[in-house]
Structure formats: structure tokens, C-alpha cells
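*Asks:* Here's a structure for you.
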Amino acid sequence: MGLLDNKIALITGTGRGIGHGIAVRFAREGADVVCCSRTEANAAKAAADVAALGRRSWAHAVDVGDAAAVSALTEKILAEAGRVDILVNNAGVTRDGLLMRMSEADWDAVLDTNLKGCFNWIKSLSRAMLKQRAGRIINVASIIGLIGNAGQCNYAASKAGIFGLTKSVAREFASRGITCNAIAPGFIETDMTAAIGAEMRQKLLAQVPLARLGSPDDVASVALFLASGLAGYVTGQVVTVDGGMVM
Ligand SMILES: NC(=O)c1ccc[n+]([C@@H]2O[C@H](COP(=O)([O-])OP(=O)(O)OC[C@H]3O[C@@H](n4cnc5c(N)ncnc54)[C@H](OP(=O)(O)O)[C@@H]3O)[C@@H](O)[C@H]2O)c1
């Protein structure tokens, strides 16, 4: 018996890192997984990893910031999978720079993917989820949305926006049995953090009470809890997964 037996989960940014970790963890707990990434190849690789665990999987490439593309893909997914029980909005990007030098393009790219991407998927799936009178929505934000970071005003704003979106959706959908929560990871070992130099890495580690960087599976554990029946009375919350950095 798995915690997600026969549930269907749609996870964005499944191609690598945290999204891939969540997809594999959910599959191990009995879920079928719709793998959505920006690139076809990475989505297909994630879907193959889910299938190797004996679960059904589907692979789709889409830009989560493109509302029309997300809407069209939603129809296709609902037709082929039948329903979506769990939505994990995980796709995200960084385009770092100090505010005074940040281009409008870098601001828009981060807001479009990180924040509008969540809105697009929630809106697209809302009709089907409301009809089901059941559902789990999990948005992957960041501790940077809670504390800010010099050089990341676009990223921090996008992640802080996710908190407001999450709480509002939680209130709008609660009466239909749909929960909506956010996860705020700290520093997790993925491609996104691979470029951090040795000196900065040591400085970061010094701020982590648990004295290590996190793994995608650390985040997947919390996503699993929020997606499962164990979290039936939890909605509108932000759960930090950061080794104690923010407390
Ligand atoms: N790593 C950390 O320390 C950390 C900390 C806090 C929060 N987070 C958040 O956790 C999430 C995952 O981060 P990660 O570290 O796993 O990142 P990652 O390794 O860079 O992977 C990002 C994933 O998002 C997908 N993606 C990017 N832009 C997209 C778009 N416009 N449309 C669809 N998919 C898109 C990528 O697709 P392809 O694979 O096809 O390129 C990739 O699969 C992000 O929201 C990030 O902000 C990460």
C-alpha cells in the first residue's frame, strides 16, 4: 500500500532536480505521473523513470508561462489520463542581477515562469478539480520569497507572490475539498545551485543549522505528505524545507 495509490499527479519541471525527485517519489508511493518540462527530452526521461517503477506516465513539453499552451495541454492530459488528483507547480528559473541593472526581460522571464506558471496551471485544472470535489495543489516557492536576497529581486518577488496565490486559492477551493499549500525549499543540490562557488557554498552552509545542503528527496518527502491523505486538514500553509535556515 502506497500513500498515493492510484492517484494521478501532474508535476511541472519534472525534467531535472526537485521535480524529478518528486515524480519518482510519488511513483514509488503508487501514483501515475504526468511529466511536464520545458524540453521534450527531459520530460520523456522523467516519464521513463516513472514507468520503470511500474506506474503509468505521460511526457509533455510546454512553457508554463504560456497560458494558451497550458490550456490546450490540459485538455489533452484530461483526455488521456482521465483526471488529475494532484498538481505540483515546480517549474522555476532564475535570472539574477542587482535591481539597478536588471532588464525588463529578466524580470518578465522569472515572473512568467515562476508565478504566472502556477496561475496558468491552477486555472486550467480548476474546473476539473472543482467537479471532482477533491484535489491537492502544491506550489514550490523558496525561502528567498520569505527573506529576500540581494541580486534576486525578480526571483524573490515571484516566490513571495506564490504565497499570496496559495493562500487565496486555498480559501477559494476549500469548500470543494481541494487543498493548496506551498513548499519553501532552502538550498537544494540541483542544476540551479550547481553554479554556486566553493567559497559561497561554505558561507551558505554556515547558515544551515542542519549543516548540509538539501536533496530533491528532502523536498519530495514534504510534497508527498501534502499530496497524501495525511494532510487532509492542512491548507493555505507554507512549509519550509531548509535545514532550519529560516525559523
Ligand atoms: N535548488 C534550490 O536550491 C531551490 C531552492 C528553493 C526553491 N527552488 C525551486 O524549486 C523548483 C525546482 O528547482 P530545481 O533546483 O529543481 O531547478 P532545475 O534543476 O533548474 O530544474 C528546473 C526545471 O523546471 C523546468 N522549467 C524551467 N522553465 C520552465 C518553463 N518555462 N516551462 C516549463 N518547465 C520549465 C525545467 O525544464 P527542462 O528540464 O526541460 O529544462 C527543469 O525541469 C523551482 O521552482 C525553484 O525555484 C529550488
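Each chain in the C-alpha cells gets a letter, A, B and so on, in the order shown; residues start at 1 in every chain, and ligands are counted from 1 in the order they appear.
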For chain A versus ligand 1, which residues have an atom no more than 7 Å away, and what is each residue's nearest atom pair and distance in Å rounded to one decimal, using only C-alpha atoms and all ligand atoms, chain-then-number order, as a Markdown table?
*Replies:*
```
| residue | atom | partner | partner_atom_place_in_ligand_line | distance |
| --- | --- | --- | --- | --- |
| A:Thr12 | CA | ligand 1 | 34 (N) | 6.0 |
| A:Gly13 | CA | ligand 1 | 24 (O) | 3.5 |
| A:Thr14 | CA | ligand 1 | 43 (O) | 4.8 |
| A:Gly15 | CA | ligand 1 | 43 (O) | 3.6 |
| A:Arg16 | CA | ligand 1 | 43 (O) | 4.4 |
| A:Gly17 | CA | ligand 1 | 16 (O) | 3.5 |
| A:Ile18 | CA | ligand 1 | 16 (O) | 3.8 |
| A:Gly19 | CA | ligand 1 | 16 (O) | 5.7 |
| A:Cys36 | CA | ligand 1 | 34 (N) | 6.7 |
| A:Ser37 | CA | ligand 1 | 34 (N) | 4.1 |
| A:Arg38 | CA | ligand 1 | 40 (O) | 3.7 |
| A:Thr39 | CA | ligand 1 | 40 (O) | 3.6 |
| A:Glu40 | CA | ligand 1 | 40 (O) | 6.6 |
| A:Asn42 | CA | ligand 1 | 40 (O) | 5.0 |
| A:Ala43 | CA | ligand 1 | 40 (O) | 6.3 |
| A:Val62 | CA | ligand 1 | 33 (C) | 5.4 |
| A:Asp63 | CA | ligand 1 | 32 (N) | 3.5 |
| A:Val64 | CA | ligand 1 | 32 (N) | 4.1 |
| A:Gly65 | CA | ligand 1 | 31 (N) | 5.7 |
| A:Asn90 | CA | ligand 1 | 45 (O) | 4.6 |
| A:Ala91 | CA | ligand 1 | 24 (O) | 3.7 |
| A:Gly92 | CA | ligand 1 | 45 (O) | 3.5 |
| A:Val93 | CA | ligand 1 | 27 (C) | 5.4 |
| A:Thr113 | CA | ligand 1 | 31 (N) | 4.8 |
| A:Asn114 | CA | ligand 1 | 45 (O) | 6.2 |
| A:Val140 | CA | ligand 1 | 45 (O) | 5.4 |
| A:Ala141 | CA | ligand 1 | 7 (C) | 5.5 |
| A:Ser142 | CA | ligand 1 | 6 (C) | 4.0 |
| A:Ile143 | CA | ligand 1 | 6 (C) | 6.3 |
| A:Ala184 | CA | ligand 1 | 6 (C) | 6.2 |
| A:Pro185 | CA | ligand 1 | 6 (C) | 4.2 |
| A:Gly186 | CA | ligand 1 | 5 (C) | 4.9 |
| A:Phe187 | CA | ligand 1 | 3 (O) | 3.7 |
| A:Ile188 | CA | ligand 1 | 3 (O) | 3.6 |
| A:Glu189 | CA | ligand 1 | 1 (N) | 5.8 |
| A:Thr190 | CA | ligand 1 | 15 (O) | 4.7 |
| A:Asp191 | CA | ligand 1 | 19 (O) | 4.3 |
| A:Met192 | CA | ligand 1 | 20 (O) | 4.2 |
| A:Thr193 | CA | ligand 1 | 1 (N) | 5.4 |
```
*Asks:* What's around A:Ala105 at 12 Å? Count only C-alpha atoms, leave out sequence neighbours fewer than 4 positions away in its own chain, and write the answer as a PyMOL selection string.
*Replies:* chain A and resi 95-97+101+109-112+154
*Asks:* Deliver the residues from the most recent selection as a file, using N, CA and C atoms, as an mmCIF file, in the first residue's frame.
*Replies:*
```
data_model
loop_
_atom_site.group_PDB
_atom_site.id
_atom_site.type_symbol
_atom_site.label_atom_id
_atom_site.label_comp_id
_atom_site.auth_asym_id
_atom_site.auth_seq_id
_atom_site.Cartn_x
_atom_site.Cartn_y
_atom_site.Cartn_z
ATOM 1 N N ARG A 95 17.087 34.435 -13.022
ATOM 2 C CA ARG A 95 17.833 35.363 -13.914
ATOM 3 C C ARG A 95 18.338 36.450 -12.979
ATOM 4 N N ASP A 96 19.445 36.150 -12.285
ATOM 5 C CA ASP A 96 19.887 37.022 -11.195
ATOM 6 C C ASP A 96 20.563 38.301 -11.673
ATOM 7 N N GLY A 97 20.465 39.320 -10.853
ATOM 8 C CA GLY A 97 21.138 40.591 -11.131
ATOM 9 C C GLY A 97 20.631 41.630 -10.138
ATOM 10 N N ARG A 101 20.475 47.019 -12.408
ATOM 11 C CA ARG A 101 20.970 46.552 -13.710
ATOM 12 C C ARG A 101 20.047 45.516 -14.341
ATOM 13 N N ALA A 109 10.768 37.187 -17.519
ATOM 14 C CA ALA A 109 11.016 35.750 -17.693
ATOM 15 C C ALA A 109 10.805 35.001 -16.371
ATOM 16 N N VAL A 110 11.287 35.575 -15.277
ATOM 17 C CA VAL A 110 11.176 34.900 -13.980
ATOM 18 C C VAL A 110 9.736 34.942 -13.455
ATOM 19 N N LEU A 111 9.092 36.108 -13.579
ATOM 20 C CA LEU A 111 7.698 36.199 -13.109
ATOM 21 C C LEU A 111 6.778 35.308 -13.936
ATOM 22 N N ASP A 112 7.016 35.275 -15.263
ATOM 23 C CA ASP A 112 6.160 34.475 -16.146
ATOM 24 C C ASP A 112 6.256 32.987 -15.833
ATOM 25 N N ASN A 154 13.715 39.732 -8.698
ATOM 26 C CA ASN A 154 12.691 39.109 -9.556
ATOM 27 C C ASN A 154 12.278 37.740 -8.990
#
```
*Asks:* As a PyMOL selection string, list the residues of stretch 30-159 of chain A assigned to helix (DSSP H, G or I) by DSSP on the backbone atoms of this structure.
*Replies:* chain A and resi 40-51+67-81+99-101+104-132+144-147+153-159
*Asks:* Counting only C-alpha atoms, what is within 9 Å of A:Met129, bar same-chain residues fewer than 6 positions away, as a count of residues only?
*Replies:* 7
*Asks:* Got a sec: who's within 8 Å of stretch 204-210 of chain A, counting only C-alpha atoms, leaving out chain neighbours fewer than 4 positions off, as a list in words?
*Replies:* Met200, Asp242, Gly243, Gly244 and Met245 of chain A
*Asks:* I need the chosen residues saved as a compact mmCIF listing (two decimals), in the first residue's frame, with C-alpha atoms.
*Replies:*
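Wrote it out as again13.txt, contents follow:
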```txt
# COMPACT_ATOMS: atom_id res chain seq x y z
CA MET A 200 29.82 30.91 -1.25
CA ASP A 242 15.66 24.35 4.57
CA GLY A 243 17.60 22.56 7.31
CA GLY A 244 16.46 25.23 9.76
CA MET A 245 17.78 28.33 7.91
```
*Asks:* Please determine, counting only C-alpha atoms, which residue among A:Asp32, A:Asp66, A:Asp217, A:Asp106 has the shortest atom-to-atom distance to A:Gly82.
*Replies:*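 For A:Gly82, the nearest of the given residues is A:Asp32.
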*Asks:* Fewer than 5 positions away in the same chain doesn't count, so skip those; otherwise give me all residues within 10 Å of A:Ser126, counting only C-alpha atoms, as a PyMOL selection string.
*Replies:* chain A and resi 120-121+131-132+135+169+173+178
*Asks:* With only C-alpha atoms as the basis for distance, which of A:Ala227, A:Ile77, A:Leu146, A:Ile196 is at the shortest distance from A:Met247?
*Replies:*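 Of A:Ala227, A:Ile77, A:Leu146, A:Ile196, the one nearest A:Met247 is A:Leu146, counting only C-alpha atoms.
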